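This report refers to the structure that appears directly beneath it.
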Amino acid sequence: MAKQPNFDAAKRQLDAALGRLAAPGDPSPYADQPPVWDEPQRPEWVAVPDAPSPAPLPVQTSEALTRLLIGAVVLGLDGLGAHAGRWERAAGMERGIPTPDQAGLDIPVRAPGDPRFRHGLIGWVFETEAELRPQGNPLQWLRGVAGHFSGSVFSAVLDGLPHLVPRMQRAESGEQETARWVARGQLEEQRSRAFASAALDDMLNQAIPYLASQRGVQQAVSALVRSPAMDDAIVALARREGVRHAVAELVRSPVMEDAVTYLVATQAMDEAINTLAHSPALVELVQTQSSSLAGVVVEEVRERAVSADILVERLARRILRRPPRAQLPPDAQGLFVSRSRQR
Amino acid sequence: MSNVMQQEQTRPLSPGVTRVAKLGPIYARYAGFVSRAMAMLVDLLIIGAVLIAGGIATDFFLRTSGLPQFVRFLASQIGWVLPVSEFFVSAGFELVMTLSFSYFYFAFFYLFGGATLGKYLFGLRVVSANGRRLTTTQAALRVLGYAVSALALYFGFFAVLVDDKRRGWHDRIARTAVVHSWKARPDEEFLRRVLDKLD
């Protein structure tokens with residue numbers, strides 16, 4: 001409480017100083033003091049505001065969706081093309097054999113499809129998507145969409161009526177447009193394939209943990225795994241030649257070797273092995289199992305030998321025309337209780 | 001193996017089973033021909049391995065020690081030292097070593113363990129006819145009896161097949177018997193399968 005007057009005085013001085021700084025016309029309280037450095041020695045650098053970084057372009061959802069769809073279709077076609085030959089061989093189909101209605105006609109064997117058509121189609125899809133993308137004034141967008149479709153319809157009509165418009169002009173404009181579509185299609189096909197591949201991988205990676213964390217999915221998977229149908233399915237799957245071949249190739253593949261090599265070389269594996277090796281329970285289990293296994297083998301060998309004893313004796317006695325033993329192993333008393341011998 | 005033996009040593013005995021001092025329980029079932037032959041085969045393999053290793057070691061010793069040269073020098077000086085060729089001397093030496101080692105092997109294990117290594121494996125024990133441990137004389141006689149059984153075209157061994165107590169000639173000579181140290185029982189399934197085929 002005794003320090004209150006000092007505090008009030010300091011507050012008044014601070015308010016006065018702030019008031020002088022705030023007044024633009026007031027002289028600075030430090031105006032009469034010399035500068036701390038000479039003018040020529042003043043450093044040249046000055047703080048400049050940060051340059052505005054280019055704002056990331058917003059992701060066009062419709063373009064990404066189009067790219068995903070096109071990429072998925074392209075990947076699917078790639079897979080189809082890779083397997084189609086094998087399926088045809090499995091179905092006993094042969095290429096180049098004319099159908100009955102083609103027999104006798106000179107129909108040339110056509111080469112595989114021209115990729116220009118595919119590229120043009122892809123390019124057209126992307127240009128259409130760009131045309132139909134909502135942007136700017138909604139009215140202008142609607143007008144653009146209408147013009148696009150009407151233009152397409154109009155082009156289709158013109159194509160159907162070749163005599164109305166000189167063929168040369170239409171051909172030139174069409175070729176230019178087609179070339180543009182093909183060029184863009186070539187580019188977009190590669191982009192879409194990579195985009196779809198990355199998206200599918202990412203979706204799978206995210207979907208598996210998400211599904212695994214769902215209780216309903218866990219129950220369903222548990223019920224499925226325990227069901228007899230799953231046993232039958234696994235047995236049927238394991239019998240398939242393709243699965244065996246795939247497993248064999250996987251085991252022989254360098255990828256598996258690299259994975260195992262990497263796994264063995266990891267410190268986590270060393271720690272795991274050390275932990276297991278020092279586990280008393282595991283050591284006891286291994287020793288018990290080893291000794292019990294050896295005991296089982298020895299017992300089996302002994303039992304087989306005793307069986308062979310009986311068989312060989314039976315055979316020998318039959319050859320020598322002796323009656324078989326009435327009692328194979330004489331009892332203990334017969335051996336040990338022989339009073340005449342003990343005397 | 002050791003666990004099995006320990007279990008046999010500590011297992012309470014059933015009626016009619018006698019525990020012989022330091023030999024464990026004897027179930028007093030006379031061991032048959034095949035069990036004994038298999039045990040003998042194991043023993044002969046062990047003896048052969050040891051003799052081969054010993055022969056290699058002896059050969060190394062003779063080649064590096066100069067002993068053969070010394071013996072030849074003596075032979076050149078004294079004609080009666082080597083009255084026969086070197087081959088017969090070597091063969092005789094090996095025969096003597098083989099018989100000596102085999103004799104020692106069987107007698108030692110019969111006397112101190114009641115069974116050789118092969119008989120341990122097949123759960124067999126050599127005991128006196130009265131069920132007691134073998135004496136030194138019995139152990140020595142039994143090993144000598146092997147020679148008797150073998151010299152008569154091995155009939156002494158095949159006598160195990162027809163003797164009521166499954167004794168060979170060497171057992172009769174030394175008054176011994178070979179019994180099981182475990183509750184010998186046949187592999188009934190195997191036995192039934194073979195008997196069905198034979199019948």
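Following the order of the structure tokens, first chain is A, next is B, and so on, with residues numbered from 1 inside each chain and ligands from 1 in the order they appear.
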Write out as a PDB file with N, CA and C atoms, in the first residue's frame each polymer residue whose atoms come within 10 Å of stretch 53-68 of chain B, counting only C-alpha atoms; drop sequence neighbours fewer than 6 positions from it.
ATOM      1  N   ILE B  47      31.542 -99.438 -31.860  1.00  0.00           N
ATOM      2  CA  ILE B  47      32.904 -99.984 -31.808  1.00  0.00           C
ATOM      3  C   ILE B  47      33.639 -99.690 -33.107  1.00  0.00           C
ATOM      4  N   LEU B  74      65.381-102.816 -36.290  1.00  0.00           N
ATOM      5  CA  LEU B  74      65.586-103.925 -35.365  1.00  0.00           C
ATOM      6  C   LEU B  74      65.457-105.253 -36.095  1.00  0.00           C
ATOM      7  N   GLU B  86      55.161-107.768 -43.203  1.00  0.00           N
ATOM      8  CA  GLU B  86      54.623-106.620 -42.476  1.00  0.00           C
ATOM      9  C   GLU B  86      53.096-106.593 -42.519  1.00  0.00           C
ATOM     10  N   GLU B  94      45.830-105.217 -35.773  1.00  0.00           N
ATOM     11  CA  GLU B  94      44.476-104.652 -35.836  1.00  0.00           C
ATOM     12  C   GLU B  94      43.447-105.624 -35.256  1.00  0.00           C
ATOM     13  N   MET B  97      43.741-105.564 -31.536  1.00  0.00           N
ATOM     14  CA  MET B  97      43.179-104.319 -31.005  1.00  0.00           C
ATOM     15  C   MET B  97      41.656-104.338 -31.049  1.00  0.00           C
TER      16      MET B  97
END
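Between atom CA of B:Arg29 and atom CA of B:Tyr154 the interatomic distance comes to 23.5 Å.
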To one decimal in Å, tell me the separation between atom CA of A:Gln176 and atom CA of A:Arg193.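 So the answer is 25.6 Å.
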